[in-house]
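Structure file final22.cif (mmCIF, C-alpha atoms) is printed below.
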```cif
data_run
#
loop_
_atom_site.group_PDB
_atom_site.id
_atom_site.type_symbol
_atom_site.label_atom_id
_atom_site.label_comp_id
_atom_site.auth_asym_id
_atom_site.auth_seq_id
_atom_site.Cartn_x
_atom_site.Cartn_y
_atom_site.Cartn_z
ATOM 1 C CA MET B 1 -46.787 -3.705 -14.128
ATOM 2 C CA CYS B 2 -45.114 -6.781 -15.617
ATOM 3 C CA ARG B 3 -44.676 -8.284 -19.075
ATOM 4 C CA VAL B 4 -45.660 -11.809 -20.111
ATOM 5 C CA PHE B 5 -44.845 -14.027 -23.079
ATOM 6 C CA GLY B 6 -46.396 -17.374 -23.964
ATOM 7 C CA PHE B 7 -45.646 -19.651 -26.892
ATOM 8 C CA LYS B 8 -46.908 -22.983 -28.195
ATOM 9 C CA SER B 9 -45.966 -24.518 -31.532
ATOM 10 C CA VAL B 10 -46.241 -27.767 -33.462
ATOM 11 C CA ILE B 11 -42.461 -27.805 -33.747
ATOM 12 C CA SER B 12 -39.849 -27.333 -31.067
ATOM 13 C CA SER B 13 -38.607 -23.787 -31.605
ATOM 14 C CA GLN B 14 -36.038 -21.451 -30.121
ATOM 15 C CA VAL B 15 -37.358 -18.222 -28.612
ATOM 16 C CA HIS B 16 -34.064 -16.332 -28.570
ATOM 17 C CA THR B 17 -35.200 -13.595 -30.973
ATOM 18 C CA SER B 18 -38.473 -12.930 -29.145
ATOM 19 C CA LEU B 19 -36.823 -12.746 -25.737
ATOM 20 C CA THR B 20 -33.562 -10.948 -26.495
ATOM 21 C CA GLU B 21 -33.106 -9.686 -30.042
ATOM 22 C CA SER B 22 -36.223 -7.974 -31.413
ATOM 23 C CA GLU B 23 -36.471 -4.210 -30.958
ATOM 24 C CA ASN B 24 -38.827 -4.521 -27.992
ATOM 25 C CA ALA B 25 -37.885 -8.011 -26.801
ATOM 26 C CA LEU B 26 -38.543 -8.908 -23.164
ATOM 27 C CA ALA B 27 -34.909 -8.228 -22.320
ATOM 28 C CA ILE B 28 -35.255 -4.660 -23.651
ATOM 29 C CA GLN B 29 -38.569 -4.177 -21.842
ATOM 30 C CA SER B 30 -36.892 -5.198 -18.593
ATOM 31 C CA LYS B 31 -35.185 -1.791 -18.453
ATOM 32 C CA GLU B 32 -38.536 -0.589 -17.126
ATOM 33 C CA HIS B 33 -39.376 -3.925 -15.469
ATOM 34 C CA PRO B 34 -36.192 -4.690 -13.516
ATOM 35 C CA HIS B 35 -37.417 -6.853 -10.632
ATOM 36 C CA GLY B 36 -36.534 -10.322 -11.844
ATOM 37 C CA TRP B 37 -37.385 -12.669 -14.676
ATOM 38 C CA GLY B 38 -38.348 -16.258 -15.313
ATOM 39 C CA VAL B 39 -38.529 -18.685 -18.220
ATOM 40 C CA ALA B 40 -40.493 -21.956 -18.143
ATOM 41 C CA TYR B 41 -40.240 -24.516 -20.901
ATOM 42 C CA TYR B 42 -41.363 -28.098 -21.375
ATOM 43 C CA VAL B 43 -39.209 -31.145 -22.055
ATOM 44 C CA ALA B 44 -40.901 -34.549 -22.479
ATOM 45 C CA GLY B 45 -44.098 -33.060 -21.054
ATOM 46 C CA ALA B 46 -42.465 -31.769 -17.865
ATOM 47 C CA PRO B 47 -41.928 -28.073 -17.030
ATOM 48 C CA HIS B 48 -38.433 -26.758 -16.430
ATOM 49 C CA LEU B 49 -38.265 -23.408 -14.660
ATOM 50 C CA ILE B 50 -35.394 -20.939 -14.402
ATOM 51 C CA LYS B 51 -35.782 -17.683 -12.445
ATOM 52 C CA ASN B 52 -33.543 -14.865 -11.305
ATOM 53 C CA VAL B 53 -34.015 -11.635 -9.356
ATOM 54 C CA ASP B 54 -31.715 -9.639 -11.676
ATOM 55 C CA SER B 55 -32.951 -7.413 -14.471
ATOM 56 C CA ALA B 56 -33.185 -9.514 -17.647
ATOM 57 C CA VAL B 57 -31.360 -6.909 -19.734
ATOM 58 C CA GLU B 58 -28.372 -7.125 -17.379
ATOM 59 C CA SER B 59 -28.493 -10.893 -16.864
ATOM 60 C CA ASN B 60 -26.048 -13.100 -18.716
ATOM 61 C CA LEU B 61 -28.073 -16.084 -17.492
ATOM 62 C CA PHE B 62 -31.201 -14.736 -19.215
ATOM 63 C CA LYS B 63 -29.275 -14.442 -22.486
ATOM 64 C CA ARG B 64 -27.862 -17.965 -22.087
ATOM 65 C CA VAL B 65 -31.232 -19.485 -21.230
ATOM 66 C CA SER B 66 -32.999 -17.670 -24.076
ATOM 67 C CA GLY B 67 -30.323 -18.848 -26.480
ATOM 68 C CA VAL B 68 -30.541 -22.555 -25.632
ATOM 69 C CA VAL B 69 -34.241 -23.048 -24.848
ATOM 70 C CA SER B 70 -35.940 -24.990 -27.607
ATOM 71 C CA SER B 71 -39.405 -26.272 -26.807
ATOM 72 C CA ASN B 72 -42.945 -26.607 -28.088
ATOM 73 C CA THR B 73 -44.242 -24.607 -25.122
ATOM 74 C CA VAL B 74 -42.602 -21.658 -23.374
ATOM 75 C CA VAL B 75 -43.789 -19.067 -20.839
ATOM 76 C CA ALA B 76 -41.600 -16.104 -19.881
ATOM 77 C CA HIS B 77 -42.093 -13.154 -17.555
ATOM 78 C CA ILE B 78 -40.291 -9.999 -16.498
ATOM 79 C CA ARG B 79 -41.380 -8.366 -13.278
ATOM 80 C CA LYS B 80 -42.018 -4.831 -12.165
ATOM 81 C CA ALA B 81 -42.936 -5.318 -8.538
ATOM 82 C CA THR B 82 -46.092 -3.758 -7.128
ATOM 83 C CA LEU B 83 -46.426 -6.239 -4.253
ATOM 84 C CA GLY B 84 -43.798 -8.286 -2.450
ATOM 85 C CA VAL B 85 -40.040 -7.885 -2.221
ATOM 86 C CA ASN B 86 -37.673 -8.701 -5.062
ATOM 87 C CA SER B 87 -37.061 -12.398 -4.376
ATOM 88 C CA ILE B 88 -37.118 -15.739 -6.166
ATOM 89 C CA VAL B 89 -40.365 -16.855 -4.485
ATOM 90 C CA ASN B 90 -42.109 -13.704 -5.744
ATOM 91 C CA THR B 91 -40.746 -14.052 -9.279
ATOM 92 C CA HIS B 92 -42.912 -15.455 -12.084
ATOM 93 C CA PRO B 93 -43.674 -17.857 -13.658
ATOM 94 C CA PHE B 94 -45.146 -19.908 -10.828
ATOM 95 C CA GLN B 95 -45.276 -23.680 -11.189
ATOM 96 C CA TYR B 96 -47.162 -26.510 -9.548
ATOM 97 C CA GLY B 97 -47.100 -30.010 -11.022
ATOM 98 C CA PRO B 98 -47.473 -29.647 -14.800
ATOM 99 C CA TRP B 99 -48.986 -26.164 -14.586
ATOM 100 C CA VAL B 100 -47.135 -22.883 -15.167
ATOM 101 C CA PHE B 101 -48.657 -19.428 -14.657
ATOM 102 C CA ALA B 102 -47.508 -15.856 -15.345
ATOM 103 C CA HIS B 103 -49.563 -12.782 -14.419
ATOM 104 C CA ASN B 104 -49.503 -9.182 -15.542
ATOM 105 C CA GLY B 105 -51.683 -7.328 -13.111
ATOM 106 C CA HIS B 106 -52.542 -6.178 -9.663
ATOM 107 C CA ILE B 107 -55.215 -6.552 -7.015
ATOM 108 C CA HIS B 108 -56.227 -3.229 -5.524
ATOM 109 C CA GLU B 109 -56.017 -3.239 -1.700
ATOM 110 C CA PHE B 110 -54.490 -6.705 -1.781
ATOM 111 C CA GLU B 111 -53.717 -6.754 1.953
ATOM 112 C CA LYS B 112 -57.413 -6.211 2.626
ATOM 113 C CA TYR B 113 -58.316 -9.326 0.622
ATOM 114 C CA LYS B 114 -55.224 -11.466 1.165
ATOM 115 C CA GLU B 115 -56.626 -13.665 3.918
ATOM 116 C CA ASP B 116 -59.927 -14.162 2.108
ATOM 117 C CA LEU B 117 -58.088 -15.065 -1.103
ATOM 118 C CA LEU B 118 -56.000 -17.579 0.831
ATOM 119 C CA ASN B 119 -59.242 -19.096 2.120
ATOM 120 C CA LEU B 120 -60.222 -19.740 -1.516
ATOM 121 C CA VAL B 121 -57.127 -21.948 -1.845
ATOM 122 C CA ALA B 122 -57.699 -25.627 -1.096
ATOM 123 C CA PRO B 123 -56.234 -26.570 2.315
ATOM 124 C CA ASN B 124 -53.879 -29.150 0.775
ATOM 125 C CA LEU B 125 -52.418 -26.472 -1.527
ATOM 126 C CA ARG B 126 -51.933 -23.621 0.951
ATOM 127 C CA ARG B 127 -48.541 -24.842 2.156
ATOM 128 C CA PHE B 128 -47.189 -24.368 -1.368
ATOM 129 C CA VAL B 129 -47.909 -20.625 -1.313
ATOM 130 C CA LEU B 130 -44.405 -19.394 -0.526
ATOM 131 C CA GLY B 131 -44.348 -15.740 -1.618
ATOM 132 C CA GLU B 132 -46.111 -12.484 -0.858
ATOM 133 C CA THR B 133 -47.742 -11.661 -4.175
ATOM 134 C CA ASP B 134 -51.336 -11.484 -5.336
ATOM 135 C CA SER B 135 -50.238 -13.310 -8.501
ATOM 136 C CA GLU B 136 -49.262 -16.480 -6.673
ATOM 137 C CA LEU B 137 -52.572 -16.557 -4.796
ATOM 138 C CA ILE B 138 -54.494 -16.123 -8.060
ATOM 139 C CA PHE B 139 -52.611 -19.140 -9.429
ATOM 140 C CA TYR B 140 -53.480 -21.285 -6.429
ATOM 141 C CA VAL B 141 -57.143 -20.254 -6.526
ATOM 142 C CA ILE B 142 -57.180 -21.472 -10.138
ATOM 143 C CA LEU B 143 -55.458 -24.725 -9.138
ATOM 144 C CA SER B 144 -57.936 -25.191 -6.296
ATOM 145 C CA GLU B 145 -60.825 -24.924 -8.735
ATOM 146 C CA LEU B 146 -59.042 -27.233 -11.183
ATOM 147 C CA TYR B 147 -58.456 -29.993 -8.655
ATOM 148 C CA THR B 148 -62.053 -30.007 -7.463
ATOM 149 C CA HIS B 149 -62.871 -31.405 -10.912
ATOM 150 C CA TYR B 150 -59.697 -33.220 -12.015
ATOM 151 C CA SER B 151 -56.682 -34.975 -10.554
ATOM 152 C CA ILE B 152 -53.101 -33.802 -11.009
ATOM 153 C CA LEU B 153 -52.642 -36.599 -13.559
ATOM 154 C CA ASP B 154 -55.600 -35.522 -15.693
ATOM 155 C CA ARG B 155 -55.146 -33.543 -18.898
ATOM 156 C CA PRO B 156 -58.253 -31.347 -19.182
ATOM 157 C CA SER B 157 -59.219 -30.169 -22.645
ATOM 158 C CA VAL B 158 -58.911 -26.495 -23.491
ATOM 159 C CA SER B 159 -62.695 -26.039 -23.161
ATOM 160 C CA GLN B 160 -62.701 -27.822 -19.806
ATOM 161 C CA MET B 161 -59.837 -25.645 -18.608
ATOM 162 C CA SER B 162 -61.647 -22.506 -19.785
ATOM 163 C CA LYS B 163 -64.603 -23.432 -17.562
ATOM 164 C CA VAL B 164 -62.215 -23.890 -14.632
ATOM 165 C CA LEU B 165 -60.737 -20.448 -15.292
ATOM 166 C CA ASP B 166 -64.183 -18.856 -15.549
ATOM 167 C CA LEU B 167 -65.205 -20.353 -12.203
ATOM 168 C CA ALA B 168 -61.945 -19.280 -10.537
ATOM 169 C CA LEU B 169 -62.177 -15.747 -11.967
ATOM 170 C CA GLU B 170 -65.774 -15.524 -10.770
ATOM 171 C CA ARG B 171 -64.719 -16.478 -7.243
ATOM 172 C CA ILE B 172 -61.892 -13.948 -7.267
ATOM 173 C CA CYS B 173 -63.991 -11.106 -8.715
ATOM 174 C CA ASN B 174 -66.847 -11.803 -6.297
ATOM 175 C CA LEU B 175 -64.318 -11.035 -3.572
ATOM 176 C CA ILE B 176 -62.199 -8.178 -4.960
ATOM 177 C CA GLY B 177 -64.559 -6.665 -7.557
ATOM 178 C CA ASP B 178 -64.355 -6.666 -11.342
ATOM 179 C CA PHE B 179 -61.115 -6.213 -13.245
ATOM 180 C CA SER B 180 -60.571 -2.958 -15.103
ATOM 181 C CA GLU B 181 -62.132 -2.451 -18.520
ATOM 182 C CA GLU B 182 -59.245 -0.184 -19.555
ATOM 183 C CA ASP B 183 -55.477 -0.464 -19.323
ATOM 184 C CA THR B 184 -54.877 2.670 -17.266
ATOM 185 C CA SER B 185 -52.016 1.172 -15.189
ATOM 186 C CA SER B 186 -53.651 2.695 -12.118
ATOM 187 C CA LEU B 187 -52.962 0.883 -8.866
ATOM 188 C CA GLU B 188 -56.532 1.777 -7.896
ATOM 189 C CA CYS B 189 -57.817 -0.936 -10.275
ATOM 190 C CA ASN B 190 -57.770 -4.715 -10.525
ATOM 191 C CA TYR B 191 -55.932 -6.377 -13.424
ATOM 192 C CA LEU B 192 -56.144 -10.095 -14.113
ATOM 193 C CA THR B 193 -54.222 -10.649 -17.343
ATOM 194 C CA PHE B 194 -52.332 -13.944 -17.393
ATOM 195 C CA VAL B 195 -51.030 -16.929 -19.353
ATOM 196 C CA ILE B 196 -51.401 -20.482 -18.055
ATOM 197 C CA THR B 197 -50.293 -23.816 -19.528
ATOM 198 C CA ASN B 198 -49.584 -27.440 -18.702
ATOM 199 C CA GLY B 199 -47.546 -27.870 -21.867
ATOM 200 C CA ASP B 200 -50.536 -29.556 -23.466
ATOM 201 C CA VAL B 201 -52.982 -26.646 -23.668
ATOM 202 C CA ILE B 202 -52.210 -22.955 -23.300
ATOM 203 C CA LEU B 203 -54.706 -20.222 -22.421
ATOM 204 C CA ALA B 204 -54.431 -16.469 -21.983
ATOM 205 C CA HIS B 205 -56.890 -14.080 -20.324
ATOM 206 C CA GLN B 206 -57.055 -10.354 -20.991
ATOM 207 C CA GLY B 207 -58.083 -9.008 -17.632
ATOM 208 C CA GLY B 208 -57.553 -5.283 -18.051
ATOM 209 C CA LYS B 209 -53.892 -5.197 -19.095
ATOM 210 C CA LYS B 210 -53.346 -5.326 -22.841
ATOM 211 C CA LEU B 211 -52.388 -8.621 -24.402
ATOM 212 C CA TYR B 212 -51.598 -9.471 -28.008
ATOM 213 C CA TYR B 213 -51.519 -12.729 -29.922
ATOM 214 C CA SER B 214 -50.063 -14.014 -33.173
ATOM 215 C CA THR B 215 -50.863 -17.165 -35.120
ATOM 216 C CA TYR B 216 -49.217 -16.342 -38.455
ATOM 217 C CA LYS B 217 -46.494 -14.322 -40.142
ATOM 218 C CA ASN B 218 -46.327 -11.978 -43.092
ATOM 219 C CA ARG B 219 -43.839 -14.416 -44.575
ATOM 220 C CA CYS B 220 -42.124 -17.294 -42.840
ATOM 221 C CA SER B 221 -38.389 -17.379 -43.447
ATOM 222 C CA ASP B 222 -38.488 -21.182 -43.103
ATOM 223 C CA ARG B 223 -41.312 -21.720 -45.598
ATOM 224 C CA ASP B 224 -39.079 -23.638 -48.019
ATOM 225 C CA THR B 225 -37.469 -25.928 -45.452
ATOM 226 C CA CYS B 226 -40.006 -26.460 -42.657
ATOM 227 C CA SER B 227 -41.833 -29.790 -42.873
ATOM 228 C CA SER B 228 -44.778 -28.319 -40.926
ATOM 229 C CA PHE B 229 -45.268 -25.285 -43.175
ATOM 230 C CA SER B 230 -48.896 -24.691 -44.161
ATOM 231 C CA GLN B 231 -51.128 -21.923 -45.439
ATOM 232 C CA SER B 232 -52.045 -20.981 -41.853
ATOM 233 C CA CYS B 233 -48.405 -19.981 -41.249
ATOM 234 C CA GLU B 234 -48.830 -16.916 -43.476
ATOM 235 C CA ALA B 235 -52.548 -16.147 -43.235
ATOM 236 C CA GLU B 236 -55.354 -16.240 -40.708
ATOM 237 C CA SER B 237 -56.529 -19.822 -40.324
ATOM 238 C CA GLU B 238 -59.864 -20.603 -41.966
ATOM 239 C CA ASP B 239 -60.542 -23.736 -39.916
ATOM 240 C CA GLY B 240 -59.029 -22.633 -36.605
ATOM 241 C CA GLN B 241 -56.042 -24.930 -36.937
ATOM 242 C CA VAL B 242 -52.683 -23.188 -36.483
ATOM 243 C CA ASN B 243 -49.019 -24.113 -36.287
ATOM 244 C CA HIS B 244 -48.123 -21.622 -33.579
ATOM 245 C CA MET B 245 -49.762 -19.408 -30.977
ATOM 246 C CA ILE B 246 -47.856 -16.577 -29.300
ATOM 247 C CA PHE B 247 -49.062 -14.251 -26.553
ATOM 248 C CA SER B 248 -47.195 -11.095 -25.603
ATOM 249 C CA SER B 249 -47.858 -7.994 -23.520
ATOM 250 C CA GLU B 250 -46.574 -5.950 -26.446
ATOM 251 C CA PRO B 251 -46.303 -6.752 -30.170
ATOM 252 C CA LEU B 252 -42.755 -7.873 -30.891
ATOM 253 C CA SER B 253 -40.957 -6.696 -33.993
ATOM 254 C CA GLY B 254 -40.342 -9.233 -36.738
ATOM 255 C CA GLU B 255 -42.398 -11.327 -39.120
ATOM 256 C CA ASN B 256 -45.348 -12.122 -36.837
ATOM 257 C CA VAL B 257 -48.716 -10.441 -37.376
ATOM 258 C CA TRP B 258 -50.073 -9.248 -34.032
ATOM 259 C CA LEU B 259 -53.717 -8.807 -33.023
ATOM 260 C CA GLU B 260 -55.089 -7.529 -29.737
ATOM 261 C CA LEU B 261 -57.267 -9.550 -27.391
ATOM 262 C CA GLU B 262 -60.410 -7.807 -26.254
ATOM 263 C CA ASN B 263 -61.011 -7.003 -22.613
ATOM 264 C CA GLY B 264 -62.305 -10.078 -20.810
ATOM 265 C CA GLU B 265 -61.435 -12.401 -23.662
ATOM 266 C CA LEU B 266 -60.037 -15.884 -23.055
ATOM 267 C CA MET B 267 -58.052 -17.494 -25.859
ATOM 268 C CA GLY B 268 -55.745 -20.424 -26.417
ATOM 269 C CA VAL B 269 -55.060 -23.657 -28.269
ATOM 270 C CA ASP B 270 -55.538 -27.308 -27.429
ATOM 271 C CA ASN B 271 -52.989 -30.093 -27.761
ATOM 272 C CA HIS B 272 -53.850 -30.356 -31.476
ATOM 273 C CA MET B 273 -53.282 -26.605 -32.005
ATOM 274 C CA LYS B 274 -56.967 -25.891 -32.523
ATOM 275 C CA ILE B 275 -57.862 -22.326 -31.520
ATOM 276 C CA PHE B 276 -60.239 -21.834 -28.607
ATOM 277 C CA ARG B 277 -61.799 -18.427 -28.090
ATOM 278 C CA ARG B 278 -64.304 -17.171 -25.525
ATOM 279 C CA ASP B 279 -65.460 -13.543 -25.674
ATOM 280 C CA LYS B 280 -66.062 -11.489 -22.558
ATOM 281 C CA LYS B 281 -68.874 -13.050 -20.527
#
```
Written as structure tokens, that's how I'd like the structure from this file.
Amino acid sequence: MCRVFGFKSVISSQVHTSLTESENALAIQSKEHPHGWGVAYYVAGAPHLIKNVDSAVESNLFKRVSGVVSSNTVVAHIRKATLGVNSIVNTHPFQYGPWVFAHNGHIHEFEKYKEDLLNLVAPNLRRFVLGETDSELIFYVILSELYTHYSILDRPSVSQMSKVLDLALERICNLIGDFSEEDTSSLECNYLTFVITNGDVILAHQGGKKLYYSTYKNRCSDRDTCSSFSQSCEAESEDGQVNHMIFSSEPLSGENVWLELENGELMGVDNHMKIFRRDKK
């Protein structure tokens, strides 16, 4: 399976350490996930997307991108292909308009359901499905549900977006069956773990593949110089307001305190960095 990373912060931050330097950074994990990588980041509210079919650990471009990217919102992905050839159009993250999506998972017997999943995609969006993966179709099913309620210019709240995701997941699971309750990595199961953002809100769903989050550190090395430093930077927030939210397929070494999302849980932050959390339905 793949590995995903999502980040949103009140300050524009570099992600170089998380992606390349920590003991189990995404670049290191790519030794076992060699089928391409992608990094999406937001500048002035617009997503910028860089992807490559090389292994991240062997890619000088990945190191360069990770070293220069500084943004309030970042999504990164390294791919271990289960469906589709190793190509740019099959490489995550996927992007449409302001939305960026990265998936760690698999649909069992995808070819059996592929046409029916495509039929869940709004007709005006189908021409944008360029690759061969289940992940891309999941993204466009979500977008199809989103744009039945909102326009591409709308900025839905995190609670509104969570309802969109619940409806889209319901439509998908009604077709393919439920996602796995355990992370067995079996290709006989469905896994729907993903991160999605428009740069304004960010949400992550634990759909069978493990996913971890961090909102604070043991001790912030910038506590004496950062103008945004607060108590929530070094302890669990009492009011749900945080300065950063990170999602990762595996806990990354360093100062961050990592907690595990429960199976079926949906979590994220709004544009004011207020935590949203919905337990398994």
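On the file presented, the PyMOL selection byres ((chain B and resi 101) around 6) picks out Pro93, Phe94, Val100, Ala102, Val195 and Ile196 of chain B.
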Among listed residues B:Asn72, B:Gly268, B:Tyr42, B:Asn104, nearest Val10 (chain B) (using all atoms listed in the file):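 Result for the nearest residue to Val10 (chain B): B:Asn72.
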Nearest to Ser249 (chain B) by atom-to-atom distance, counting all atoms listed in the file, from B:Pro123, B:Gly207, B:Gly38, B:Gly131: B:Gly207
Separation of CA of Ser162 (chain B) from CA of Leu125 (chain B) in Å: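 These two atoms are separated by 20.8 Å.
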Exercise: Val74 (chain B) partners within 10 Å, all atoms listed in the file, chain neighbours under 5 positions left out, as number ranges by chain: B: 5-9, 12-15, 39-42, 47-49, 69, 100, 197, 199, 202, 246
Residues returned when the PyMOL selection byres ((chain B and resi 142-145) around 8) runs on this file, as an mmCIF file with C-alpha atoms, in the frame of the given file:
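Here's the written file expr_15.cif:
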```
data_model
loop_
_atom_site.group_PDB
_atom_site.id
_atom_site.type_symbol
_atom_site.label_atom_id
_atom_site.label_comp_id
_atom_site.auth_asym_id
_atom_site.auth_seq_id
_atom_site.Cartn_x
_atom_site.Cartn_y
_atom_site.Cartn_z
ATOM 1 C CA LEU B 120 -60.222 -19.740 -1.516
ATOM 2 C CA VAL B 121 -57.127 -21.948 -1.845
ATOM 3 C CA ALA B 122 -57.699 -25.627 -1.096
ATOM 4 C CA LEU B 125 -52.418 -26.472 -1.527
ATOM 5 C CA ILE B 138 -54.494 -16.123 -8.060
ATOM 6 C CA PHE B 139 -52.611 -19.140 -9.429
ATOM 7 C CA TYR B 140 -53.480 -21.285 -6.429
ATOM 8 C CA VAL B 141 -57.143 -20.254 -6.526
ATOM 9 C CA LEU B 146 -59.042 -27.233 -11.183
ATOM 10 C CA TYR B 147 -58.456 -29.993 -8.655
ATOM 11 C CA THR B 148 -62.053 -30.007 -7.463
ATOM 12 C CA HIS B 149 -62.871 -31.405 -10.912
ATOM 13 C CA VAL B 164 -62.215 -23.890 -14.632
ATOM 14 C CA LEU B 165 -60.737 -20.448 -15.292
ATOM 15 C CA LEU B 167 -65.205 -20.353 -12.203
ATOM 16 C CA ALA B 168 -61.945 -19.280 -10.537
ATOM 17 C CA LEU B 169 -62.177 -15.747 -11.967
#
```
Pick from B:Glu115, B:Asp154, B:Asp279, B:Glu262 nearest to Asn198 (chain B), counting only C-alpha atoms: B:Asp154
Using the file's own x, y and z axes, what box holds all listed atoms of region 170-178 of chain B with 6 Å on each side, keeping edges along x, y and z, and what are its centre and edge lengths in Å to one decimal, as AutoDock Vina command-line options?
```
--center_x -64.4 --center_y -11.6 --center_z -7.5 --size_x 17.0 --size_y 21.8 --size_z 19.8
```
Polymer residues at most 9 Å from region 192-194 of chain B, only C-alpha atoms, same-chain spacing of 6 or more positions, as number ranges by chain: B: 4, 101-107, 135, 138, 169, 179-180, 203-211, 264
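Taking all atoms listed in the file into account, Pro98 (chain B) lies nearest to B:Asp200 out of the set B:Asp200, B:Glu111, B:Asp134, B:Glu265.
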One-decimal distance in Å that lies between CA of Val75 (chain B) and CA of Ile152 (chain B):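 That distance, rounded to one decimal, is 20.0 Å.
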Residue contacts of region 230-244 of chain B (6 Å, all atoms listed in the file) excluding same-chain residues fewer than 5 positions away, as a PyMOL selection string: chain B and resi 8-10+215-219+273-275
Those selected residues, please, written with C-alpha atoms and delivered as an mmCIF file, keeping the file's coordinate frame.
```cif
data_model
loop_
_atom_site.group_PDB
_atom_site.id
_atom_site.type_symbol
_atom_site.label_atom_id
_atom_site.label_comp_id
_atom_site.auth_asym_id
_atom_site.auth_seq_id
_atom_site.Cartn_x
_atom_site.Cartn_y
_atom_site.Cartn_z
ATOM 1 C CA LYS B 8 -46.908 -22.983 -28.195
ATOM 2 C CA SER B 9 -45.966 -24.518 -31.532
ATOM 3 C CA VAL B 10 -46.241 -27.767 -33.462
ATOM 4 C CA THR B 215 -50.863 -17.165 -35.120
ATOM 5 C CA TYR B 216 -49.217 -16.342 -38.455
ATOM 6 C CA LYS B 217 -46.494 -14.322 -40.142
ATOM 7 C CA ASN B 218 -46.327 -11.978 -43.092
ATOM 8 C CA ARG B 219 -43.839 -14.416 -44.575
ATOM 9 C CA MET B 273 -53.282 -26.605 -32.005
ATOM 10 C CA LYS B 274 -56.967 -25.891 -32.523
ATOM 11 C CA ILE B 275 -57.862 -22.326 -31.520
#
```
Selection result of the PyMOL selection byres ((chain B and resi 159) around 10) on this file, as a ChimeraX atom specification: /B:156-158,160-165,201,203,268-270,276-278
